Amino acid sequence: MKIPPVFYILLIFTRFCYGFDLLNSSQSARVEGIGGGFILRDPDITALDSSPAIAPEIERHQILAGYSSIFNQRTGIIAGYFYPKLIKHPLTSAGASLNLCFDSIETYNFTSLYSPGEYIKTGEADYLEFLFNTGVGIRTTYFWQMGLNLGANLKFLYQKIDKEKYSGAGFDINVVLRHRLFVCSLLFKDIYTYLSSKEVFPFRIRTGFLLKPVRIYKELFPVKEERPSAKSSPPVEFFESRINPYFEIETVFDKKAYVEFYTGIEFILNNEISLRTGYNTHEGFSYGAGIKIFKFSIDFAYTVHPELDNSFKINLIYFTGK
Amino acid sequence: MQTIEKRKWFLLYKKHKNFYLVPLVCLILFSTVSSLSSLSVSFHNDVLYVNNQPFIIRGVCYESIPVGETSTSYKYEIYPYAYENDFKLIREMGANCIRTYTDFDYSDIMDSAYKNGLYVIMQYPIPYNTSFTSHTIRTQILNGVKSMVLKWKDHPALLMWVIGNEVSINIDSSLSSGHPTSETTNRLKSWYKFLNEIASNIHVWESPSWHPVATTEPVQNSTNFGLWQGIEIIGNPVFYADDNSLKYLDVWGVQTYQGNGFTSGFFDKYKSLSQKPLWISETGCDAYDAISHQENQEKQREYIQTQWEQIQSHLSINSSYPCIGVTFFQWADGWYKYTYGSVFVHDTNGSWPNPYYYDYSSEITNKNMNEEWWGLVAIFPGTFKRYPRSAYYYLKSVWNSDRADSVLNQFLLKSEPVALPNPVCFSKRDLEIYVYLNSEAEVKCKIFDFSGRLIKEITSSQVFPGYTYLLKWNGKDYHGNPVKTGIYLCKIIATEEIDNSSHRVEKIIKIMVKR
């Protein structure tokens, strides 16, 4: 029996993820460590669902495994695989991910509507979420020191809540402008995302920029040619391309719109060790660290929520192929 | 040849040059996690604070030796099921900590205690008749304590250190019956001086913050504290046991068997002797009636009830006395304890006389303290199953819903809050959250989604008799948008005002929202 190619795509690009909420897909430990930012200079498999325009930048096969604990209320594991350059063109890429989340609660109901506070335990209710994410991306060659990436996600949703089952779909569009001094990103998220429960998810616009401060500094204060041995050069070289501050704004267009902010910074030492910290308006401060060693990348993130218990995530990515 | 060797090493180095990063990152991750997990313990006005929340020690002296074994032969690590089952039962009883008689040398038991919500008061045992003037012995003990401290100081289950068990009476057993000789006085002096040195070192080893250091002092009953009853040691400058000499000792543990309650004036007497917090490190009653020669669970329960009620009324958190709690002696029977008996027989012989217990009779054996019958739970051969006695059930009832505990954050709650109905369908009705308290408090609830986003904050809208608070939520967020289907976290915060200070309890429950 000939197995349809779509089966392979589903198999290869499946990413299981336990410990997130519907449409607030699980961020990688790296993203979590910098405060939830989706502008990634060093793209990996975990960028796919949050920033599909990054997909063309991913050049190597990747295997992902991870563990997470969310507010000490949910724990779980992450596993996945990414296959780059699906369309066999160096400037294009496609991929897909499947997010899975399950949870349960103890259920209670009133004993009598006339006796306030009297209740009985009626059992347990299960909760299940699937988010199947297909992402496509294309990038241009550099022009005027710039490159442009375009990406889109097509999402299929499935939700089982207690005994009711819902399904739905939605899509995102993502544009990333890459310049040697900065990166800008614009994400139109949940453009039309709904569930069969007639629940429409709010449309979001998220925009932000990432700076390369040392390069900007060198651009503004260039070292003169006749002084190649200038003492100021080595420290600047040391920091070049290794400090990545970013800032993002997300506007949520629900019945009443509101705005959320994300900011953070990443310091990469020797292209091997990363130290990160960040802040966003709903989760508070987060901290992270990562290391690349041989063909592995290990990332750890710790989020200090001001009200709930703390969360942490650990990801391990194995890069296969050349 | 040498060049080839060098080249080989160079290539090996080049190939594995990144290896240094592995321990480095592991170290960073380990230090981050460990610094975040260690417990904060402090005192303020004689009240014990754990993680900045007031805390009453409500525990048991934990020794759980199966039939046929002794405290020296039995290794807890061989039967993790046994201590896990114990901890579960202890926690169900409402206790919040255990006191050990030795330093554990494996971490699973500590992890298990923490997992079951129990803190550990860890003891470093001091051998009987130790000469504290010997430099070698002192160094040996200091090294042992240091090893224990460095091993466990960052464990989140660790609550307090205890140095020695009834060391003073083991220096000279004649202490309990008369005034000490000059030789005994000198030995006591060297012990308390050394104790201060140990405590001082622990503070340094744990610097900048440390777990409290305690010792345990045997105190006997008396209607007149003018007689030598052990308590005279506490705060006594003659033995270097006064607060100034023992300035690094944080807590006095008192082991006392004064019968059905404490002697009138006991807490006042202690208060006059020392300013340090008082922990009743041992008290209780055995479950064997030495007169009728049968098990008497009811008398054990009655004595423990009286003891707890009196301790409760002298707690530093709600009185002017410095008591921070109790660890009842003890968790399980020990069939090995009677020195002249068999480890396979539940001996009914008494080990020492105590006239303040109901079964004392000078006509019979004069020894009514039945060492093998002190357990809150009984044990039997061939099984790790525990058989709780009446005293266990008494403590379970009182420690799980005690009014006196309501002054503590974690016991302000009478029972777990509940959201009704759960799952909730907001198109049909609002969610009602009921919070059952033991006293009047300000109650509010914060609702979060699983991204950590604060959705809504609500305050109590109604109070029913018996301090039952009702909070209602209509399923809309701050912006008036209806929330989506899914699971939300509901953090309930109750704040109680007592004597110009506020105590707060927090509970998180999950709410399922359906369409």
# chains A, B, ... in the order shown; residues from 1 in each chain; ligands from 1

call {"tool": "select_by_dssp", "arguments": {"residues": "stretch 182-354 of chain B", "states": "strand (DSSP E)", "output": "ChimeraX atom specification"}}
result
/B:213-219,251-256,278-282,288-289,294-295,323-328

call {"tool": "closest_atom_pairs", "arguments": {"of": "chain A", "to": "chain B", "cutoff": "9 Å", "atoms": "only C-alpha atoms", "output": "CSV"}}
result
residue,atom,partner,partner_atom,distance
A:Gly19,CA,B:Phe450,CA,8.7
A:Phe20,CA,B:Phe450,CA,6.7
A:Asp21,CA,B:Phe450,CA,5.8
A:Leu22,CA,B:Gly486,CA,7.5
A:Asn24,CA,B:Ser451,CA,6.7
A:Ile70,CA,B:Phe450,CA,7.8
A:Phe71,CA,B:Gly452,CA,8.2
A:Gln73,CA,B:Leu489,CA,8.8
A:Asp103,CA,B:Ile487,CA,8.3
A:Ser104,CA,B:Ile487,CA,8.7
A:Ile105,CA,B:Lys510,CA,6.6
A:Glu106,CA,B:Asn422,CA,7.8
A:Thr107,CA,B:Asn422,CA,5.2
A:Tyr108,CA,B:Asn422,CA,5.3
A:Asn109,CA,B:Pro421,CA,4.6
A:Phe110,CA,B:Leu420,CA,6.4
A:Pro116,CA,B:Phe464,CA,8.2
A:Gly117,CA,B:Tyr434,CA,5.8
A:Tyr119,CA,B:Leu420,CA,7.7
A:Ala125,CA,B:Pro423,CA,7.7
A:Tyr127,CA,B:Gly486,CA,7.7
A:Gln159,CA,B:Gly486,CA,8.8
A:Ile161,CA,B:Lys514,CA,7.0
A:Asp162,CA,B:Pro423,CA,8.1
A:Glu164,CA,B:Lys514,CA,8.6
A:Ser197,CA,B:Arg515,CA,6.7
A:Lys198,CA,B:Arg515,CA,8.8
A:Glu199,CA,B:Lys484,CA,7.3
A:Val200,CA,B:Lys484,CA,8.7
A:Phe201,CA,B:Lys484,CA,7.8
A:Asp254,CA,B:Asn481,CA,6.8
A:Lys255,CA,B:Asn481,CA,5.9
A:Lys256,CA,B:His479,CA,5.9
A:Ala257,CA,B:His479,CA,7.8
A:Tyr258,CA,B:His479,CA,7.8
A:Glu272,CA,B:Leu21,CA,8.5
A:Ile273,CA,B:Leu21,CA,8.1
A:Thr281,CA,B:Arg453,CA,8.1
A:His282,CA,B:Arg453,CA,4.5
A:Glu283,CA,B:Gly452,CA,5.1
A:Gly284,CA,B:Gly452,CA,8.6
A:Ala289,CA,B:Leu29,CA,8.1
A:Gly290,CA,B:Val25,CA,8.0
A:Ile291,CA,B:Val25,CA,7.3
A:Lys292,CA,B:Leu21,CA,8.9
A:Ile293,CA,B:Asn18,CA,6.4
A:Phe294,CA,B:Asn18,CA,7.7
A:Phe300,CA,B:Leu29,CA,8.0
A:His305,CA,B:Gly452,CA,7.3
A:Glu307,CA,B:Lys491,CA,8.3
A:Leu308,CA,B:Gly452,CA,7.6

call {"tool": "atom_distance", "arguments": {"atom1": "atom CA of B:Lys472", "atom2": "atom CA of A:Asp309"}}
result
24.0 Å

call {"tool": "closest_residue", "arguments": {"among": "A:Ser69, A:Ile317, A:Val259, A:Leu128", "to": "A:Phe296", "atoms": "only C-alpha atoms"}}
result
A:Ile317

call {"tool": "residues_around", "arguments": {"residues": "B:Glu69", "least_positions_apart": "5", "cutoff": "8 Å", "atoms": "only C-alpha atoms", "output": "list in words"}}
result
Tyr74, Tyr336 and Val343 of chain B

call {"tool": "residues_around", "arguments": {"residues": "stretch 146-156 of chain B", "least_positions_apart": "2", "cutoff": "9 Å", "atoms": "only C-alpha atoms", "output": "NGL selection string"}}
result
:B and (34-35 or 37-40 or 103-105 or 107 or 110-111 or 114 or 119 or 124 or 141-144 or 158-159 or 161 or 198 or 201-202 or 205-206 or 210-211)

call {"tool": "write_last_selection", "arguments": {"atoms": "C-alpha atoms", "output": "compact mmCIF listing (two decimals), in the first residue's frame"}}
result
# COMPACT_ATOMS: atom_id res chain seq x y z
CA SER B 34 19.50 25.28 44.74
CA SER B 35 19.50 28.95 45.68
CA SER B 37 14.82 26.11 46.69
CA SER B 38 16.40 26.51 50.14
CA LEU B 39 14.08 27.29 53.02
CA SER B 40 14.02 30.62 54.82
CA ASP B 103 21.37 12.88 60.57
CA PHE B 104 20.16 11.08 57.47
CA ASP B 105 22.92 10.13 55.13
CA SER B 107 18.51 12.21 50.37
CA MET B 110 14.40 14.04 52.97
CA ASP B 111 12.90 14.39 49.51
CA TYR B 114 9.36 17.45 51.60
CA TYR B 119 9.79 19.75 57.43
CA TYR B 124 23.27 15.42 65.33
CA ILE B 141 32.12 16.17 66.65
CA LEU B 142 32.65 19.49 64.88
CA ASN B 143 33.67 17.70 61.70
CA GLY B 144 30.62 15.47 61.95
CA LEU B 158 15.26 21.19 56.55
CA LEU B 159 13.73 23.29 59.33
CA TRP B 161 19.32 21.60 63.61
CA ILE B 198 29.06 24.36 67.42
CA ASN B 201 30.16 27.42 63.50
CA ILE B 202 26.83 26.39 62.00
CA TRP B 205 28.88 27.46 57.58
CA GLU B 206 25.41 28.51 56.55
CA TRP B 210 21.07 29.89 58.73
CA HIS B 211 18.62 27.38 60.06

call {"tool": "atom_distance", "arguments": {"atom1": "atom CA of A:Met146", "atom2": "atom CA of A:Tyr217"}}
result
18.5 Å

call {"tool": "residues_around", "arguments": {"residues": "B:Phe328", "least_positions_apart": "3", "cutoff": "8 Å", "atoms": "only C-alpha atoms", "output": "list of chain:residue names"}}
result
B:Gly59, B:Val60, B:Cys61, B:Ser281, B:Glu282, B:Thr283, B:Gly284, B:Trp331
